Amino acid sequence: MLDFNNTSNWPTFFFIGIPGLEAAHMWISIPFCFLYLVALVGNVLLLVIVRTEQNLHEPQFYLLAMLAFTDLGLSLSTMPSVLAIFWFDVHHIDLDACLTQMFFIHTLSSVESGVLVAMAFDRLVAICAPLNYTRILTHYTVACLSGAALIRGATLLAPLPFFMRTFSFCGANILSHSYCYYPDMLKLACGDVTFSSVYGLVCVLCTFAVDVIFILVSYMKILGTVMKLGIQDRNWKSLQTCACHLCTVLVFYLPLISLAVLHRYTQETSPILYTTMSNAYLLMTPLLNPVVYSLKSRQIQAALRKRFWAQRVVAGE
């Protein structure tokens, strides 16, 4: 039985899990745990392969490793609160822990968005200007792009926890998600939150909205180049790879931007809709990225086969 009465001097927030399915949380935890495990193992394996295989020390694989590192951080940021709800029926979290989780979720999401832009730029140069690829996409360029994504995310989103500390919270403080999300917390604050809400929306528009436009334009340019060159076997494979990448990009951006808008401009949204979009945004993306990007890379497939056979030879000895 949950007690949503907040009697402490320090505000406490409550997660509701999946509304209407509270009795089945233990069973629901099984697929969630499996998906988290696959996401963690997949991203760690990708990092290890890129680190140990010399032939993968190239710009596109460094960006892929950066994406895996970010996905790993996102999974670890949400996993404690999600599994605490399903396994131990722990639905509460204090302000400091909530703000810490919120900061890492939003910052890592911004970093991931920046890395996806860098990866789209990498594919754009590789397909549209292959002769200039090694000159443009150097290790220094990759380091600058990754650093810019990290600095942008940390700088723009660092004020959010400080904004939340200026507010008092009254009422039950029930969150719509299984983790702490800035617009969700802002709805529970007492007082005028106009500036904080506008700042958060500006961050979304200046980062995610701009990034998704650049990514879509890049892939449209790639499509145009491939069509001009004719549908040959090599170009067809490049087109298939870009289509898979674009699908994972949409899985990341559509729920993210939709959640930001719904929390600010709707009042009577179904809690199930919030739960579905939040899980698609923060669970499916870290799960899909290593699968999609790895299966479409012949170099990573070769590295996986090499490692697999090496393990079998060692086991046979």
# chains A, B, ... in the order shown; residues from 1 in each chain; ligands from 1

$ residues_around --residues "Thr275 of chain A" --least-positions-apart "6" --cutoff "10 Å" --atoms "only C-alpha atoms" --output "VMD selection string"
chain A and resid 16 to 19 176 to 178 281

$ residues_around --residues "Ala303 of chain A" --least-positions-apart "3" --cutoff "8 Å" --atoms "only C-alpha atoms" --output "list in words"
Ile49, Glu53, Gln299, Ile300, Lys306 and Arg307 of chain A

$ residues_around --residues "segment 126-140 of chain A" --least-positions-apart "2" --cutoff "12 Å" --atoms "only C-alpha atoms" --output "PyMOL selection string"
chain A and resi 57-63+118-124+142-147+218-229+234-239+241-242

$ residues_around --residues "Val44 of chain A" --least-positions-apart "2" --cutoff "12 Å" --atoms "only C-alpha atoms" --output "PyMOL selection string"
chain A and resi 37-42+46-51+64-73+75+286-287+290

$ write_last_selection --atoms "C-alpha atoms" --output "short mmCIF file (atom, residue, chain, number, x, y, z; two decimals), in the first residue's frame"
data_model
loop_
_atom_site.label_atom_id
_atom_site.label_comp_id
_atom_site.auth_asym_id
_atom_site.auth_seq_id
_atom_site.Cartn_x
_atom_site.Cartn_y
_atom_site.Cartn_z
CA LEU A 37 20.41 -6.99 -19.58
CA VAL A 38 20.51 -7.16 -23.38
CA ALA A 39 21.08 -3.40 -23.60
CA LEU A 40 23.91 -3.47 -21.06
CA VAL A 41 25.64 -6.53 -22.52
CA GLY A 42 25.26 -5.27 -26.09
CA LEU A 46 30.49 -3.01 -28.51
CA LEU A 47 32.84 -0.89 -26.40
CA VAL A 48 35.18 -3.84 -25.80
CA ILE A 49 35.32 -4.77 -29.49
CA VAL A 50 36.03 -1.22 -30.66
CA ARG A 51 38.69 -0.89 -27.96
CA LEU A 64 29.69 4.21 -32.42
CA ALA A 65 31.63 3.59 -29.20
CA MET A 66 30.61 7.04 -27.96
CA LEU A 67 26.99 6.17 -28.70
CA ALA A 68 27.34 2.86 -26.84
CA PHE A 69 28.89 4.64 -23.85
CA THR A 70 26.00 7.13 -23.78
CA ASP A 71 23.40 4.36 -24.08
CA LEU A 72 25.10 2.53 -21.24
CA GLY A 73 24.84 5.65 -19.08
CA SER A 75 20.36 2.51 -19.03
CA PRO A 286 19.89 1.65 -25.84
CA LEU A 287 18.57 -1.80 -26.79
CA PRO A 290 24.00 -1.83 -30.65
#

$ atom_distance --atom1 "atom CA of Phe14 of chain A" --atom2 "atom CA of Ile174 of chain A"
4.8 Å

$ residues_around --residues "segment 78-81 of chain A" --least-positions-apart "2" --cutoff "8 Å" --atoms "only C-alpha atoms" --output "NGL selection string"
:A and (36 or 74-76 or 83-85 or 101 or 105 or 178-179 or 282)

$ atom_distance --atom1 "atom CA of His25 of chain A" --atom2 "atom CA of Trp87 of chain A"
7.5 Å

$ atom_distance --atom1 "atom CA of Thr207 of chain A" --atom2 "atom CA of Gly114 of chain A"
8.0 Å

$ closest_atom_pairs --of "segment 194-297 of chain A" --to "segment 106-112 of chain A" --cutoff "12 Å" --atoms "only C-alpha atoms" --output "CSV"
residue,atom,partner,partner_atom,distance
A:Gly200,CA,A:His106,CA,10.4
A:Cys203,CA,A:Ser110,CA,9.3
A:Val204,CA,A:Ser110,CA,8.8
A:Leu205,CA,A:Ser110,CA,11.3
A:Cys206,CA,A:Ser110,CA,10.4
A:Thr207,CA,A:Ser110,CA,6.9
A:Phe208,CA,A:Ser110,CA,7.2
A:Ala209,CA,A:Ser110,CA,11.0
A:Val210,CA,A:Ser110,CA,11.5
A:Asp211,CA,A:Ser110,CA,9.7
A:Val212,CA,A:Ser110,CA,11.7
A:Val249,CA,A:Glu112,CA,10.2
A:Phe252,CA,A:Ser109,CA,9.1
A:Tyr253,CA,A:Ser109,CA,9.8
A:Leu256,CA,A:Ser109,CA,9.0
A:Ile257,CA,A:Ser109,CA,11.4
A:Ala260,CA,A:His106,CA,11.4
A:Tyr281,CA,A:Ser109,CA,9.4
A:Leu282,CA,A:Ser109,CA,8.7
A:Leu283,CA,A:Ser109,CA,11.9
A:Thr285,CA,A:Glu112,CA,10.1
A:Pro286,CA,A:Glu112,CA,10.1
A:Asn289,CA,A:Glu112,CA,11.0

$ write_last_selection --atoms "N, CA and C atoms" --output "compact mmCIF listing (two decimals), in the first residue's frame"
# COMPACT_ATOMS: atom_id res chain seq x y z
N GLY A 200 13.34 25.11 -20.33
CA GLY A 200 13.39 23.70 -20.70
C GLY A 200 12.94 23.48 -22.13
N CYS A 203 15.63 24.60 -24.51
CA CYS A 203 16.69 23.59 -24.59
C CYS A 203 16.30 22.46 -25.55
N VAL A 204 15.03 22.04 -25.47
CA VAL A 204 14.57 20.98 -26.38
C VAL A 204 14.63 21.44 -27.82
N LEU A 205 14.18 22.67 -28.09
CA LEU A 205 14.16 23.18 -29.46
C LEU A 205 15.56 23.43 -29.99
N CYS A 206 16.46 23.93 -29.13
CA CYS A 206 17.81 24.27 -29.58
C CYS A 206 18.72 23.05 -29.71
N THR A 207 18.35 21.97 -29.09
CA THR A 207 19.18 20.76 -29.18
C THR A 207 18.49 19.70 -30.03
N PHE A 208 17.45 19.08 -29.50
CA PHE A 208 16.83 17.95 -30.16
C PHE A 208 16.15 18.33 -31.47
N ALA A 209 15.41 19.44 -31.48
CA ALA A 209 14.70 19.83 -32.71
C ALA A 209 15.69 20.18 -33.82
N VAL A 210 16.72 20.96 -33.47
CA VAL A 210 17.74 21.32 -34.47
C VAL A 210 18.49 20.08 -34.94
N ASP A 211 18.82 19.21 -34.00
CA ASP A 211 19.56 17.99 -34.35
C ASP A 211 18.78 17.10 -35.30
N VAL A 212 17.50 16.90 -35.01
CA VAL A 212 16.70 16.00 -35.85
C VAL A 212 16.52 16.57 -37.25
N VAL A 249 16.88 6.40 -35.09
CA VAL A 249 16.86 7.83 -34.77
C VAL A 249 15.43 8.28 -34.45
N PHE A 252 14.19 7.28 -31.09
CA PHE A 252 14.75 8.11 -30.03
C PHE A 252 14.05 9.47 -29.96
N TYR A 253 13.88 10.12 -31.12
CA TYR A 253 13.42 11.51 -31.12
C TYR A 253 11.91 11.67 -30.97
N LEU A 256 10.74 11.40 -27.36
CA LEU A 256 11.39 12.44 -26.56
C LEU A 256 10.70 13.79 -26.76
N ILE A 257 10.55 14.21 -28.02
CA ILE A 257 9.93 15.51 -28.30
C ILE A 257 8.45 15.49 -27.93
N ALA A 260 8.06 16.03 -24.19
CA ALA A 260 8.33 17.42 -23.81
C ALA A 260 7.11 18.30 -24.09
N TYR A 281 11.56 5.70 -25.32
CA TYR A 281 12.62 6.70 -25.38
C TYR A 281 13.88 6.27 -24.65
N LEU A 282 13.72 5.71 -23.45
CA LEU A 282 14.90 5.44 -22.61
C LEU A 282 15.25 3.97 -22.46
N LEU A 283 14.44 3.08 -23.00
CA LEU A 283 14.75 1.65 -22.92
C LEU A 283 15.02 1.04 -24.29
N THR A 285 15.83 2.55 -27.16
CA THR A 285 16.98 3.12 -27.88
C THR A 285 18.30 2.46 -27.50
N PRO A 286 18.65 2.36 -26.19
CA PRO A 286 19.89 1.65 -25.84
C PRO A 286 19.88 0.18 -26.24
N ASN A 289 20.16 0.32 -30.56
CA ASN A 289 21.36 0.89 -31.19
C ASN A 289 22.48 -0.12 -31.41

$ select_by_dssp --residues "segment 28-194 of chain A" --states "strand (DSSP E or B)" --output "list of chain:residue names"
A:His92, A:Ile93, A:Asp94, A:Ser168, A:Phe169, A:Ile174, A:Leu175, A:Ala189, A:Cys190

$ write_last_selection --atoms "N, CA, C and O atoms" --output "PDB file, in the first residue's frame"
ATOM      1  N   HIS A  92       9.305   5.465  -3.736  1.00  0.00           N
ATOM      2  CA  HIS A  92       9.648   6.827  -3.321  1.00  0.00           C
ATOM      3  C   HIS A  92      11.119   7.140  -3.602  1.00  0.00           C
ATOM      4  O   HIS A  92      11.958   6.238  -3.691  1.00  0.00           O
ATOM      5  N   ILE A  93      11.408   8.420  -3.726  1.00  0.00           N
ATOM      6  CA  ILE A  93      12.773   8.894  -3.951  1.00  0.00           C
ATOM      7  C   ILE A  93      12.869  10.302  -3.385  1.00  0.00           C
ATOM      8  O   ILE A  93      11.916  11.089  -3.487  1.00  0.00           O
ATOM      9  N   ASP A  94      13.998  10.618  -2.752  1.00  0.00           N
ATOM     10  CA  ASP A  94      14.127  11.954  -2.168  1.00  0.00           C
ATOM     11  C   ASP A  94      14.573  12.961  -3.223  1.00  0.00           C
ATOM     12  O   ASP A  94      14.911  12.608  -4.358  1.00  0.00           O
ATOM     13  N   SER A 168       9.132  25.143  -3.978  1.00  0.00           N
ATOM     14  CA  SER A 168       8.593  24.265  -2.941  1.00  0.00           C
ATOM     15  C   SER A 168       7.596  23.325  -3.614  1.00  0.00           C
ATOM     16  O   SER A 168       7.047  23.633  -4.672  1.00  0.00           O
ATOM     17  N   PHE A 169       7.392  22.169  -2.992  1.00  0.00           N
ATOM     18  CA  PHE A 169       6.500  21.165  -3.573  1.00  0.00           C
ATOM     19  C   PHE A 169       5.397  20.859  -2.571  1.00  0.00           C
ATOM     20  O   PHE A 169       5.657  20.621  -1.391  1.00  0.00           O
ATOM     21  N   ILE A 174       3.306  12.941  -7.053  1.00  0.00           N
ATOM     22  CA  ILE A 174       3.292  11.667  -7.786  1.00  0.00           C
ATOM     23  C   ILE A 174       3.808  11.906  -9.201  1.00  0.00           C
ATOM     24  O   ILE A 174       3.245  12.711  -9.953  1.00  0.00           O
ATOM     25  N   LEU A 175       4.862  11.206  -9.571  1.00  0.00           N
ATOM     26  CA  LEU A 175       5.468  11.348 -10.892  1.00  0.00           C
ATOM     27  C   LEU A 175       4.794  10.422 -11.902  1.00  0.00           C
ATOM     28  O   LEU A 175       4.322   9.347 -11.543  1.00  0.00           O
ATOM     29  N   ALA A 189       5.572  21.533  -8.918  1.00  0.00           N
ATOM     30  CA  ALA A 189       6.111  22.664  -8.158  1.00  0.00           C
ATOM     31  C   ALA A 189       5.031  23.691  -7.868  1.00  0.00           C
ATOM     32  O   ALA A 189       4.118  23.908  -8.665  1.00  0.00           O
ATOM     33  N   CYS A 190       5.145  24.320  -6.708  1.00  0.00           N
ATOM     34  CA  CYS A 190       4.238  25.402  -6.338  1.00  0.00           C
ATOM     35  C   CYS A 190       4.880  26.735  -6.721  1.00  0.00           C
ATOM     36  O   CYS A 190       6.083  26.927  -6.538  1.00  0.00           O
TER      37      CYS A 190
END

$ closest_residue --among "A:Ile272, A:Ser258, A:Arg152, A:Leu95" --to "Arg165 of chain A" --atoms "only C-alpha atoms"
A:Leu95

$ decode --residues "segment 169-293 of chain A" --atoms "C-alpha atoms" --output "compact mmCIF listing (two decimals), in the first residue's frame"
# COMPACT_ATOMS: atom_id res chain seq x y z
CA PHE A 169 6.50 21.17 -3.57
CA CYS A 170 3.04 20.61 -2.19
CA GLY A 171 0.59 17.79 -2.58
CA ALA A 172 1.21 14.12 -3.25
CA ASN A 173 4.23 14.65 -5.60
CA ILE A 174 3.29 11.67 -7.79
CA LEU A 175 5.47 11.35 -10.89
CA SER A 176 4.11 10.08 -14.21
CA HIS A 177 7.17 7.98 -15.03
CA SER A 178 9.40 5.39 -13.41
CA TYR A 179 12.19 7.95 -13.23
CA CYS A 180 12.61 11.68 -12.58
CA TYR A 181 11.83 13.82 -15.62
CA TYR A 182 12.15 17.61 -15.60
CA PRO A 183 8.75 18.61 -17.09
CA ASP A 184 7.06 16.02 -14.88
CA MET A 185 8.65 17.46 -11.72
CA LEU A 186 7.91 21.01 -12.86
CA LYS A 187 4.18 20.27 -12.90
CA LEU A 188 4.37 19.42 -9.19
CA ALA A 189 6.11 22.66 -8.16
CA CYS A 190 4.24 25.40 -6.34
CA GLY A 191 4.63 28.95 -7.61
CA ASP A 192 5.36 30.52 -10.98
CA VAL A 193 7.30 28.06 -13.16
CA THR A 194 6.98 30.02 -16.42
CA PHE A 195 10.68 30.84 -16.81
CA SER A 196 11.81 27.31 -15.93
CA SER A 197 9.28 25.80 -18.32
CA VAL A 198 10.27 28.12 -21.16
CA TYR A 199 13.97 27.44 -20.53
CA GLY A 200 13.39 23.70 -20.70
CA LEU A 201 11.39 24.05 -23.93
CA VAL A 202 14.11 26.27 -25.46
CA CYS A 203 16.69 23.59 -24.59
CA VAL A 204 14.57 20.98 -26.38
CA LEU A 205 14.16 23.18 -29.46
CA CYS A 206 17.81 24.27 -29.58
CA THR A 207 19.18 20.76 -29.18
CA PHE A 208 16.83 17.95 -30.16
CA ALA A 209 14.70 19.83 -32.71
CA VAL A 210 17.74 21.32 -34.47
CA ASP A 211 19.56 17.99 -34.35
CA VAL A 212 16.70 16.00 -35.85
CA ILE A 213 16.35 18.53 -38.69
CA PHE A 214 20.07 18.22 -39.48
CA ILE A 215 19.87 14.42 -39.38
CA LEU A 216 16.84 14.29 -41.69
CA VAL A 217 18.44 16.72 -44.15
CA SER A 218 21.65 14.64 -44.10
CA TYR A 219 19.82 11.42 -44.89
CA MET A 220 17.79 13.14 -47.62
CA LYS A 221 21.06 14.32 -49.15
CA ILE A 222 22.43 10.76 -48.89
CA LEU A 223 19.29 9.39 -50.56
CA GLY A 224 19.62 11.90 -53.39
CA THR A 225 23.27 11.00 -53.94
CA VAL A 226 22.57 7.26 -53.98
CA MET A 227 19.71 7.70 -56.46
CA LYS A 228 21.95 9.74 -58.77
CA LEU A 229 24.63 7.06 -58.69
CA GLY A 230 22.10 4.35 -59.52
CA ILE A 231 20.94 1.39 -57.44
CA GLN A 232 24.05 -0.73 -57.60
CA ASP A 233 24.78 -3.45 -55.03
CA ARG A 234 27.09 -1.29 -52.95
CA ASN A 235 24.77 1.73 -53.05
CA TRP A 236 21.77 -0.44 -52.21
CA LYS A 237 23.54 -1.73 -49.08
CA SER A 238 24.41 1.85 -48.08
CA LEU A 239 20.76 2.83 -48.53
CA GLN A 240 19.58 -0.11 -46.40
CA THR A 241 22.04 0.80 -43.66
CA CYS A 242 20.93 4.44 -43.63
CA ALA A 243 17.27 3.36 -43.51
CA CYS A 244 17.94 1.23 -40.41
CA HIS A 245 19.86 4.08 -38.79
CA LEU A 246 17.02 6.48 -39.53
CA CYS A 247 14.49 4.15 -37.89
CA THR A 248 16.49 4.04 -34.64
CA VAL A 249 16.86 7.83 -34.77
CA LEU A 250 13.08 8.21 -35.02
CA VAL A 251 12.56 5.79 -32.11
CA PHE A 252 14.75 8.11 -30.03
CA TYR A 253 13.42 11.51 -31.12
CA LEU A 254 9.67 11.03 -31.58
CA PRO A 255 8.88 9.93 -27.98
CA LEU A 256 11.39 12.44 -26.56
CA ILE A 257 9.93 15.51 -28.30
CA SER A 258 6.36 14.26 -27.81
CA LEU A 259 6.89 13.89 -24.05
CA ALA A 260 8.33 17.42 -23.81
CA VAL A 261 5.26 18.86 -25.56
CA LEU A 262 2.63 16.73 -23.79
CA HIS A 263 3.89 17.59 -20.31
CA ARG A 264 3.71 21.31 -21.04
CA TYR A 265 0.54 21.69 -23.07
CA THR A 266 -1.83 18.87 -22.10
CA GLN A 267 -3.58 18.19 -18.82
CA GLU A 268 -5.68 15.03 -19.38
CA THR A 269 -3.19 12.68 -21.05
CA SER A 270 -3.49 8.96 -20.32
CA PRO A 271 -0.79 7.72 -17.89
CA ILE A 272 -0.35 4.64 -20.11
CA LEU A 273 0.67 6.94 -22.97
CA TYR A 274 3.35 8.56 -20.79
CA THR A 275 4.62 5.13 -19.73
CA THR A 276 4.77 3.78 -23.29
CA MET A 277 6.61 6.78 -24.73
CA SER A 278 9.05 7.04 -21.83
CA ASN A 279 9.97 3.36 -22.11
CA ALA A 280 10.39 3.67 -25.89
CA TYR A 281 12.62 6.70 -25.38
CA LEU A 282 14.90 5.44 -22.61
CA LEU A 283 14.75 1.65 -22.92
CA MET A 284 14.31 0.73 -26.57
CA THR A 285 16.98 3.12 -27.88
CA PRO A 286 19.89 1.65 -25.84
CA LEU A 287 18.57 -1.80 -26.79
CA LEU A 288 18.23 -1.18 -30.53
CA ASN A 289 21.36 0.89 -31.19
CA PRO A 290 24.00 -1.83 -30.65
CA VAL A 291 21.90 -4.36 -32.56
CA VAL A 292 21.16 -2.17 -35.59
CA TYR A 293 24.54 -0.50 -35.91
